[in-house]
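Novice: I am sharing entry-v2.csv, which consists of CSV, C-alpha atoms:
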```
chain,number,residue,atom,x,y,z
A,1,MET,CA,33.5,-12.3,67.8
A,2,ASP,CA,32.5,-12.2,64.2
A,3,GLY,CA,30.4,-15.3,63.4
A,4,SER,CA,30.6,-15.0,59.6
A,5,ARG,CA,32.2,-17.8,57.7
A,6,PRO,CA,35.8,-17.2,56.7
A,7,GLY,CA,36.1,-16.1,53.1
A,8,ALA,CA,32.4,-15.3,52.8
A,9,GLY,CA,33.1,-11.6,52.0
A,10,ALA,CA,35.6,-12.6,49.2
A,11,GLU,CA,33.1,-15.1,47.7
A,12,GLY,CA,30.3,-12.5,47.8
A,13,GLU,CA,32.5,-9.9,46.0
A,14,SER,CA,33.5,-12.6,43.5
A,15,ALA,CA,29.9,-13.5,42.8
A,16,SER,CA,28.9,-9.9,42.5
A,17,GLY,CA,31.7,-9.3,40.1
A,18,ALA,CA,30.6,-12.3,38.0
A,19,ILE,CA,27.1,-11.0,37.8
A,20,SER,CA,28.2,-7.5,36.9
A,21,GLY,CA,30.5,-9.0,34.2
A,22,SER,CA,27.7,-11.1,32.8
A,23,ALA,CA,25.3,-8.0,32.8
A,24,ARG,CA,28.0,-6.0,30.9
A,25,TYR,CA,28.3,-8.9,28.4
A,26,ILE,CA,24.5,-9.0,27.8
A,27,GLU,CA,24.4,-5.2,27.4
A,28,CYS,CA,27.2,-5.3,25.0
A,29,ASP,CA,25.7,-8.1,23.0
A,30,THR,CA,22.3,-6.2,22.9
A,31,LEU,CA,24.1,-3.1,21.6
A,32,LYS,CA,25.8,-5.1,18.9
A,33,ARG,CA,22.5,-6.6,17.8
A,34,THR,CA,20.8,-3.2,17.8
A,35,GLU,CA,23.6,-1.6,15.9
A,36,LYS,CA,23.4,-4.3,13.2
A,37,PHE,CA,19.6,-3.9,13.1
A,38,LEU,CA,19.8,-0.1,12.7
A,39,SER,CA,22.5,-0.2,10.1
A,40,VAL,CA,20.0,-1.2,7.4
A,41,SER,CA,17.9,1.9,8.2
A,42,ALA,CA,21.0,4.1,8.2
A,43,SER,CA,22.2,2.8,4.8
A,44,GLY,CA,18.7,3.2,3.4
A,45,THR,CA,18.5,6.9,4.6
A,46,LEU,CA,21.8,7.6,2.8
A,47,TRP,CA,20.5,5.8,-0.3
A,48,VAL,CA,17.4,7.9,-0.7
A,49,GLU,CA,19.3,11.1,0.1
A,50,GLY,CA,21.7,10.7,-2.8
A,51,SER,CA,22.0,13.3,-5.6
A,52,GLU,CA,20.6,10.7,-8.1
A,53,ALA,CA,17.8,9.3,-5.8
A,54,SER,CA,14.3,9.0,-7.2
A,55,LEU,CA,10.9,8.2,-5.9
A,56,SER,CA,11.1,4.7,-7.4
A,57,GLN,CA,13.6,3.8,-4.6
A,58,SER,CA,11.0,4.4,-1.8
A,59,LEU,CA,9.0,1.2,-2.2
A,60,THR,CA,12.2,-0.9,-2.9
A,61,LEU,CA,13.6,0.4,0.4
A,62,MET,CA,10.4,-0.4,2.3
A,63,ASP,CA,10.4,-3.9,0.8
A,64,ALA,CA,14.1,-4.4,1.8
A,65,ILE,CA,13.4,-3.4,5.4
A,66,LEU,CA,10.4,-5.7,5.5
A,67,THR,CA,12.4,-8.6,4.3
A,68,PHE,CA,15.1,-7.8,6.9
A,69,PHE,CA,12.4,-7.7,9.6
A,70,GLU,CA,11.2,-11.1,8.6
A,71,ASP,CA,14.7,-12.6,8.6
A,72,GLN,CA,15.6,-11.1,11.9
A,73,LYS,CA,12.4,-12.2,13.6
A,74,VAL,CA,13.0,-15.8,12.6
A,75,LEU,CA,16.6,-15.5,14.0
A,76,TYR,CA,15.7,-14.1,17.4
A,77,LYS,CA,12.4,-16.0,18.0
A,78,SER,CA,14.1,-19.3,18.8
A,79,GLY,CA,17.4,-21.1,18.8
A,80,PRO,CA,20.7,-20.0,20.2
A,81,GLU,CA,20.1,-16.4,19.2
A,82,LYS,CA,16.8,-16.2,21.0
A,83,ASP,CA,16.1,-12.7,22.3
A,84,LEU,CA,12.5,-11.7,23.0
A,85,ARG,CA,13.4,-8.1,23.4
A,86,MET,CA,14.6,-8.0,19.8
A,87,VAL,CA,11.5,-9.8,18.7
A,88,HIS,CA,9.4,-7.1,20.5
A,89,SER,CA,11.3,-4.3,18.9
A,90,ILE,CA,10.9,-5.9,15.4
A,91,GLU,CA,7.2,-6.2,15.9
A,92,MET,CA,7.0,-2.5,16.8
A,93,GLY,CA,8.9,-1.6,13.7
A,94,TRP,CA,6.7,-3.9,11.7
A,95,PHE,CA,3.6,-2.1,13.0
A,96,ILE,CA,4.9,1.2,11.8
A,97,LEU,CA,5.9,-0.2,8.4
A,98,ASP,CA,2.5,-1.7,7.9
A,99,LYS,CA,1.0,1.8,8.5
A,100,TYR,CA,3.1,3.2,5.7
A,101,TYR,CA,2.1,0.4,3.3
A,102,ALA,CA,-1.5,1.1,4.1
A,103,LEU,CA,-1.0,4.7,3.0
A,104,LEU,CA,0.2,3.7,-0.5
A,105,GLU,CA,-3.4,3.4,-1.8
A,106,SER,CA,-4.0,7.1,-1.1
A,107,THR,CA,-0.6,8.1,-2.7
A,108,PRO,CA,-0.4,6.3,-6.0
A,109,ALA,CA,2.7,8.3,-7.1
A,110,TYR,CA,4.9,5.8,-5.3
A,111,ALA,CA,3.5,2.9,-7.1
A,112,ALA,CA,3.6,4.8,-10.4
A,113,ALA,CA,7.3,5.6,-9.8
A,114,MET,CA,8.1,2.0,-9.3
A,115,LEU,CA,6.2,0.8,-12.3
A,116,LEU,CA,7.7,3.5,-14.5
A,117,ASP,CA,11.2,2.3,-13.5
A,118,PRO,CA,12.4,0.4,-16.7
A,119,SER,CA,14.4,-2.0,-14.5
A,120,LYS,CA,11.2,-3.0,-12.5
A,121,ARG,CA,7.9,-2.4,-14.3
A,122,LYS,CA,5.2,-4.9,-13.5
A,123,HIS,CA,7.6,-7.7,-13.0
A,124,TYR,CA,8.8,-6.3,-9.7
A,125,LEU,CA,5.2,-6.6,-8.3
A,126,LEU,CA,4.9,-10.2,-9.6
A,127,GLN,CA,8.1,-11.2,-8.0
A,128,ASN,CA,8.0,-9.4,-4.6
A,129,TRP,CA,4.5,-8.5,-3.7
A,130,PRO,CA,1.5,-10.6,-2.6
A,131,GLU,CA,-0.9,-11.4,-5.5
A,132,GLU,CA,-3.8,-9.6,-3.9
A,133,TRP,CA,-1.8,-6.3,-4.1
A,134,HIS,CA,-1.0,-6.5,-7.8
A,135,GLN,CA,-4.1,-5.3,-9.5
A,136,LYS,CA,-5.1,-2.5,-7.1
A,137,THR,CA,-1.5,-1.2,-7.2
A,138,ILE,CA,-1.5,-1.1,-11.0
A,139,ASP,CA,-5.0,0.4,-11.1
A,140,ALA,CA,-3.9,3.2,-8.7
A,141,ALA,CA,-0.9,4.1,-10.8
A,142,ASN,CA,-2.8,3.8,-14.0
A,143,SER,CA,-5.4,6.3,-12.7
A,144,ILE,CA,-2.7,9.0,-12.8
A,145,TRP,CA,-2.1,8.2,-16.5
A,146,GLN,CA,-5.8,8.2,-17.3
A,147,LYS,CA,-6.5,11.5,-15.5
A,148,GLU,CA,-3.5,13.6,-16.4
A,149,TYR,CA,-1.6,12.3,-19.5
A,150,VAL,CA,-3.6,10.0,-21.8
A,151,HIS,CA,-5.4,12.9,-23.5
A,152,LEU,CA,-2.2,14.9,-24.2
A,153,THR,CA,-1.3,15.5,-27.8
A,154,HIS,CA,1.8,13.7,-29.2
A,155,GLU,CA,4.9,15.9,-29.4
A,156,SER,CA,6.2,16.4,-32.9
A,157,ILE,CA,9.4,14.6,-33.6
A,158,PRO,CA,12.3,16.8,-34.7
A,159,ALA,CA,13.1,16.5,-38.4
A,160,ALA,CA,16.7,15.7,-37.6
A,161,ALA,CA,15.6,12.7,-35.5
A,162,VAL,CA,13.8,11.1,-38.4
A,163,ALA,CA,15.9,9.0,-40.7
A,164,ASP,CA,16.1,10.4,-44.2
A,165,ILE,CA,15.1,7.4,-46.3
A,166,ASP,CA,14.2,7.7,-49.9
A,167,THR,CA,11.4,5.2,-50.5
A,168,SER,CA,10.8,6.1,-54.1
A,169,ASN,CA,11.8,3.7,-56.8
A,170,PRO,CA,12.1,5.6,-60.1
A,171,SER,CA,12.8,2.4,-62.0
A,172,SER,CA,9.4,0.9,-61.2
A,173,LYS,CA,6.8,1.3,-63.9
A,174,LYS,CA,3.1,1.2,-63.3
A,175,ARG,CA,1.5,-1.8,-65.0
A,176,ILE,CA,-2.0,-3.0,-65.5
A,177,GLU,CA,-3.3,-5.3,-62.7
A,178,ASN,CA,-3.8,-8.9,-63.8
A,179,GLU,CA,-5.7,-11.9,-62.4
A,180,LEU,CA,-2.6,-13.1,-60.5
A,181,ASP,CA,-2.4,-9.8,-58.7
A,182,ARG,CA,-6.0,-10.1,-57.6
A,183,LEU,CA,-5.4,-13.6,-56.4
A,184,LYS,CA,-2.4,-12.6,-54.4
A,185,LEU,CA,-4.4,-9.8,-52.8
A,186,ARG,CA,-7.0,-12.2,-51.6
A,187,LEU,CA,-4.3,-14.4,-50.0
A,188,ARG,CA,-2.4,-11.5,-48.4
A,189,VAL,CA,-2.2,-11.6,-44.6
A,190,GLN,CA,-4.0,-8.6,-43.1
A,191,PRO,CA,-1.7,-6.4,-41.0
A,192,THR,CA,-2.0,-7.0,-37.3
A,193,PRO,CA,-2.9,-3.8,-35.4
A,194,GLN,CA,0.2,-2.9,-33.4
A,195,GLU,CA,-0.4,-2.0,-29.8
A,196,ASP,CA,0.4,1.6,-29.0
A,197,GLU,CA,3.6,1.6,-27.0
A,198,ASP,CA,2.9,5.1,-25.7
A,199,THR,CA,0.6,3.9,-22.9
A,200,PHE,CA,1.2,3.1,-19.3
A,201,MET,CA,-0.2,-0.5,-19.4
A,202,ALA,CA,1.9,-1.4,-22.5
A,203,PHE,CA,5.1,-0.1,-20.9
A,204,ILE,CA,4.8,-1.9,-17.6
A,205,LYS,CA,4.2,-5.2,-19.4
A,206,ASP,CA,7.4,-4.9,-21.5
A,207,LYS,CA,10.7,-6.5,-20.6
A,208,THR,CA,12.9,-4.9,-18.0
A,209,ILE,CA,16.2,-3.2,-18.7
A,210,ASP,CA,19.4,-3.5,-16.5
A,211,LEU,CA,20.0,0.1,-15.6
A,212,ASP,CA,22.9,-0.8,-13.3
A,213,ALA,CA,24.8,-2.2,-16.3
A,214,LEU,CA,24.1,1.0,-18.2
A,215,LYS,CA,25.1,3.0,-15.1
A,216,ILE,CA,22.1,5.4,-15.4
A,217,THR,CA,19.2,6.1,-13.2
A,218,PRO,CA,15.5,5.7,-14.2
A,219,LEU,CA,15.1,9.4,-14.7
A,220,GLN,CA,18.2,9.6,-16.9
A,221,TRP,CA,16.8,6.8,-19.0
A,222,TRP,CA,13.6,8.6,-19.6
A,223,LEU,CA,15.4,11.9,-20.4
A,224,ALA,CA,17.1,10.3,-23.4
A,225,PRO,CA,15.8,11.6,-26.8
A,226,GLU,CA,14.9,8.1,-28.0
A,227,GLN,CA,12.5,7.7,-25.1
A,228,ARG,CA,10.7,10.9,-25.9
A,229,ARG,CA,10.2,9.8,-29.5
A,230,ARG,CA,9.0,6.3,-28.5
A,231,TYR,CA,6.8,7.5,-25.6
A,232,PRO,CA,5.7,11.1,-26.5
A,233,ARG,CA,3.1,11.2,-23.7
A,234,LEU,CA,4.3,8.7,-21.2
A,235,HIS,CA,7.7,10.2,-20.9
A,236,ARG,CA,6.1,13.4,-19.5
A,237,MET,CA,4.4,11.4,-16.7
A,238,ALA,CA,7.7,9.5,-16.0
A,239,ILE,CA,9.8,12.6,-15.8
A,240,ASN,CA,7.3,14.4,-13.6
A,241,ILE,CA,7.0,11.5,-11.1
A,242,LEU,CA,10.6,10.3,-11.1
A,243,SER,CA,12.0,13.8,-10.5
A,244,ILE,CA,10.2,13.9,-7.2
A,245,PRO,CA,12.9,13.5,-4.4
A,246,PRO,CA,12.2,10.5,-2.1
A,247,SER,CA,13.2,12.5,1.0
A,248,SER,CA,13.1,16.1,2.1
A,249,ALA,CA,16.9,16.4,2.4
A,250,GLU,CA,17.4,17.8,-1.1
A,251,PRO,CA,14.5,20.3,-1.1
A,252,GLU,CA,15.8,21.7,2.2
A,253,GLN,CA,19.2,22.0,0.7
A,254,GLN,CA,17.7,23.9,-2.2
A,255,PHE,CA,16.0,26.3,0.2
A,256,SER,CA,19.3,27.0,1.8
A,257,GLY,CA,20.9,27.5,-1.6
A,258,ALA,CA,18.3,30.0,-2.6
A,259,ARG,CA,19.1,32.1,0.5
A,260,ARG,CA,22.8,32.2,-0.6
A,261,THR,CA,21.9,33.1,-4.2
A,262,GLN,CA,19.7,36.0,-3.1
A,263,SER,CA,21.8,38.4,-1.0
A,264,TRP,CA,20.4,40.1,2.0
A,265,ASP,CA,21.4,43.7,1.0
A,266,ARG,CA,19.2,43.8,-2.1
A,267,LEU,CA,16.4,41.6,-3.3
A,268,ARG,CA,16.6,42.5,-6.9
A,269,LEU,CA,16.3,39.1,-8.4
A,270,SER,CA,12.7,38.2,-9.0
A,271,PRO,CA,11.2,35.3,-7.1
A,272,GLN,CA,10.3,33.6,-10.4
A,273,ASN,CA,13.9,33.8,-11.7
A,274,LEU,CA,15.3,32.7,-8.4
A,275,GLN,CA,13.3,29.6,-8.8
A,276,ARG,CA,14.6,29.2,-12.3
A,277,LEU,CA,18.2,29.6,-11.2
A,278,GLU,CA,17.9,27.1,-8.4
A,279,CYS,CA,16.3,24.6,-10.8
A,280,MET,CA,19.0,25.1,-13.3
A,281,GLY,CA,21.7,24.7,-10.7
A,282,ASN,CA,20.1,21.4,-9.7
A,283,TRP,CA,19.9,20.2,-13.3
A,284,PHE,CA,23.6,21.1,-13.8
A,285,ALA,CA,24.7,19.3,-10.7
A,286,ARG,CA,22.8,16.2,-11.9
A,287,LYS,CA,24.5,16.6,-15.3
A,288,LEU,CA,21.1,17.0,-17.1
A,289,ILE,CA,22.3,20.1,-18.9
A,290,SER,CA,25.7,21.3,-20.1
A,291,SER,CA,27.6,24.2,-18.8
A,292,GLU,CA,26.9,26.2,-22.0
A,293,GLU,CA,23.2,25.6,-21.6
A,294,LEU,CA,23.4,26.6,-17.9
A,295,LEU,CA,25.2,29.9,-18.7
A,296,ALA,CA,22.8,30.8,-21.5
A,297,MET,CA,19.8,30.3,-19.2
A,298,ILE,CA,21.4,32.3,-16.4
A,299,VAL,CA,22.2,35.2,-18.6
A,300,GLU,CA,18.6,35.2,-20.0
A,301,ALA,CA,17.1,35.2,-16.5
A,302,VAL,CA,19.4,38.0,-15.2
A,303,GLU,CA,18.8,40.1,-18.3
A,304,MET,CA,15.0,39.8,-17.7
A,305,ASP,CA,15.4,41.2,-14.2
A,306,ASP,CA,17.7,44.0,-15.3
A,307,GLU,CA,15.1,45.1,-17.8
A,308,MET,CA,12.5,45.2,-15.1
A,309,ASP,CA,14.8,47.0,-12.6
A,310,ILE,CA,12.5,46.3,-9.7
A,311,ASP,CA,13.3,45.7,-6.1
A,312,PHE,CA,11.0,43.1,-4.5
A,313,ASP,CA,9.7,43.5,-1.0
A,314,GLU,CA,8.3,40.9,1.4
A,315,GLU,CA,4.8,41.0,0.0
A,316,ASP,CA,6.1,40.1,-3.5
A,317,TRP,CA,7.8,37.0,-2.0
A,318,ASP,CA,4.8,36.0,0.0
A,319,MET,CA,2.8,35.7,-3.2
A,320,ILE,CA,5.1,32.9,-4.5
```
Can you dump the structure from the file as structure tokens?
Specialist:
Amino acid sequence: MDGSRPGAGAEGESASGAISGSARYIECDTLKRTEKFLSVSASGTLWVEGSEASLSQSLTLMDAILTFFEDQKVLYKSGPEKDLRMVHSIEMGWFILDKYYALLESTPAYAAAMLLDPSKRKHYLLQNWPEEWHQKTIDAANSIWQKEYVHLTHESIPAAAVADIDTSNPSSKKRIENELDRLKLRLRVQPTPQEDEDTFMAFIKDKTIDLDALKITPLQWWLAPEQRRRYPRLHRMAINILSIPPSSAEPEQQFSGARRTQSWDRLRLSPQNLQRLECMGNWFARKLISSEELLAMIVEAVEMDDEMDIDFDEEDWDMI
């Protein structure tokens, strides 16, 4: 005779089902929390892979992720949402993020890109970074300016860009200086030396500009003719740095595009002109040049190769 208590099997199955259901709920809840946590990284990846992305976004994204880590750690460390597994995961991510922050000192281009962003400048540091980071970050970025750009000659301003103002006054007559003129000269306020705007330090201390309202990127702002006239040397540094893509997605896309441009059956286009064509295509896609300018440059590049009439082999390409 079976000595088990009547209904014990049913109760056991019920308890097992309850435990299984609870486990499934915990797993589902963990997945939801993980998905929410990873969504920030996913959005950030798309943000820096955009066609108008620039290097100035990299530090902003890192700061945003760090802020998110801080908020989520407070949420899961105690209270009704307490989850030590999430806290451990956050700490591991924090460890990796700290490693990348430590690498910034050896790669000052990131700090320079942020400081050359007219919507950030030095004010972004003062608002969002610890005080002990401010000066060394500025010094690292300024070192690029001092080494590569401060000694450049000023570009000549096109004549059409200079206002044609006639300062002559034919009605004025030269007269003999009198005593009053000499007294006024003694009382005249001496001109205050104006700080050169075309310097890195002067730019980052200036007021910020709302680029979102203008619907332009930092690179587009620097490419405007008025910025070239105002910052004849600094605009070169800004364009060189802000044109660096923040991720490898676009360079890899350009490599693939070059393979489609250069057909397999004949490598007639020179490596140099292939590089030019890919750059021009990228500029046109970003609306940095007009279709007329693009066509003129393409025709010029192709005509140069037609005149050479040379087929390039693998050794020629390996030299590039």
Novice: Let me make sure I understand: among A:Met62, A:Ser56, A:Lys32, A:Ser43, which one has the smallest atom-to-atom distance to Met86 (chain A) if we use all atoms listed in the file?
Specialist: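 Going through A:Met62, A:Ser56, A:Lys32, A:Ser43 one by one, the smallest distance to Met86 (chain A) is for A:Lys32.
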Novice: Just the number, please: distance in Å from CA of Thr34 (chain A) to CA of Glu70 (chain A), one decimal.
Specialist: 15.5 Å
Novice: Could you check how far CA of Gln220 (chain A) sits from CA of Leu242 (chain A), in Å to one decimal?
Specialist: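 Computed distance, CA of Gln220 (chain A) to CA of Leu242 (chain A), equals 9.6 Å.
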Novice: Could you work out how far CA of Ser243 (chain A) lies from CA of Tyr100 (chain A), giving the answer in Å with one decimal?
Specialist: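 According to the coordinates, CA of Tyr100 (chain A) and CA of Ser243 (chain A) are separated by 21.3 Å.
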Novice: Env of Leu116 (chain A): 10 Å cut, atoms = all atoms listed in the file, seq-sep filter 2 positions within chain, self excluded. Answer as JSON, numbers by chain.
Specialist: {"A": [56, 110, 111, 112, 113, 114, 118, 119, 120, 121, 122, 141, 200, 203, 204, 218, 219, 222, 234, 235, 237, 238, 239, 241, 242]}
Novice: Just write the chosen residues, C-alpha atoms, as a CSV table (one decimal), keeping the file's coordinate frame.
Specialist:
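Here's the written file part05.csv:
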```csv
chain,number,residue,atom,x,y,z
A,56,SER,CA,11.1,4.7,-7.4
A,110,TYR,CA,4.9,5.8,-5.3
A,111,ALA,CA,3.5,2.9,-7.1
A,112,ALA,CA,3.6,4.8,-10.4
A,113,ALA,CA,7.3,5.6,-9.8
A,114,MET,CA,8.1,2.0,-9.3
A,118,PRO,CA,12.4,0.4,-16.7
A,119,SER,CA,14.4,-2.0,-14.5
A,120,LYS,CA,11.2,-3.0,-12.5
A,121,ARG,CA,7.9,-2.4,-14.3
A,122,LYS,CA,5.2,-4.9,-13.5
A,141,ALA,CA,-0.9,4.1,-10.8
A,200,PHE,CA,1.2,3.1,-19.3
A,203,PHE,CA,5.1,-0.1,-20.9
A,204,ILE,CA,4.8,-1.9,-17.6
A,218,PRO,CA,15.5,5.7,-14.2
A,219,LEU,CA,15.1,9.4,-14.7
A,222,TRP,CA,13.6,8.6,-19.6
A,234,LEU,CA,4.3,8.7,-21.2
A,235,HIS,CA,7.7,10.2,-20.9
A,237,MET,CA,4.4,11.4,-16.7
A,238,ALA,CA,7.7,9.5,-16.0
A,239,ILE,CA,9.8,12.6,-15.8
A,241,ILE,CA,7.0,11.5,-11.1
A,242,LEU,CA,10.6,10.3,-11.1
```
Novice: Kindly indicate which residue among A:Leu214, A:Met297, A:Ala140, A:Leu269 lies nearest to Trp283 (chain A), using all atoms listed in the file for the distances.
Specialist: A:Met297
Novice: Of the candidates A:Ser106, A:Ser54, A:Asn273, A:Gln262, which one gets nearest to Lys136 (chain A) if we count all atoms listed in the file?
Specialist: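 The closest residue to Lys136 (chain A) is A:Ser106.
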Novice: Select, counting all atoms listed in the file, all protein, DNA and RNA residues no farther than 12 Å from (-4.4, 7.4, -14.8) in file coordinates, and express the selection as a short mmCIF file (atom, residue, chain, number, x, y, z; two decimals) with C-alpha atoms, in the frame of the given file.
Specialist:
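Written out: point-v4.cif:
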```
data_model
loop_
_atom_site.label_atom_id
_atom_site.label_comp_id
_atom_site.auth_asym_id
_atom_site.auth_seq_id
_atom_site.Cartn_x
_atom_site.Cartn_y
_atom_site.Cartn_z
CA PRO A 108 -0.40 6.30 -6.00
CA ALA A 109 2.70 8.30 -7.10
CA ALA A 111 3.50 2.90 -7.10
CA ALA A 112 3.60 4.80 -10.40
CA THR A 137 -1.50 -1.20 -7.20
CA ILE A 138 -1.50 -1.10 -11.00
CA ASP A 139 -5.00 0.40 -11.10
CA ALA A 140 -3.90 3.20 -8.70
CA ALA A 141 -0.90 4.10 -10.80
CA ASN A 142 -2.80 3.80 -14.00
CA SER A 143 -5.40 6.30 -12.70
CA ILE A 144 -2.70 9.00 -12.80
CA TRP A 145 -2.10 8.20 -16.50
CA GLN A 146 -5.80 8.20 -17.30
CA LYS A 147 -6.50 11.50 -15.50
CA GLU A 148 -3.50 13.60 -16.40
CA TYR A 149 -1.60 12.30 -19.50
CA VAL A 150 -3.60 10.00 -21.80
CA HIS A 151 -5.40 12.90 -23.50
CA THR A 199 0.60 3.90 -22.90
CA PHE A 200 1.20 3.10 -19.30
CA MET A 201 -0.20 -0.50 -19.40
CA LEU A 234 4.30 8.70 -21.20
CA MET A 237 4.40 11.40 -16.70
#
```
Novice: Taking into account all atoms listed in the file, which residue in the set A:Leu38, A:Cys28, A:Leu84, A:Leu55 is nearest to Pro245 (chain A)?
Specialist: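 Smallest separation from Pro245 (chain A) among the options: A:Leu55.
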Novice: Which residues come within 9 Å of Tyr231 (chain A), counting all atoms listed in the file, excluding same-chain residues fewer than 4 positions away, as a ChimeraX atom specification?
Specialist: /A:154,197-199,226-227,235-236
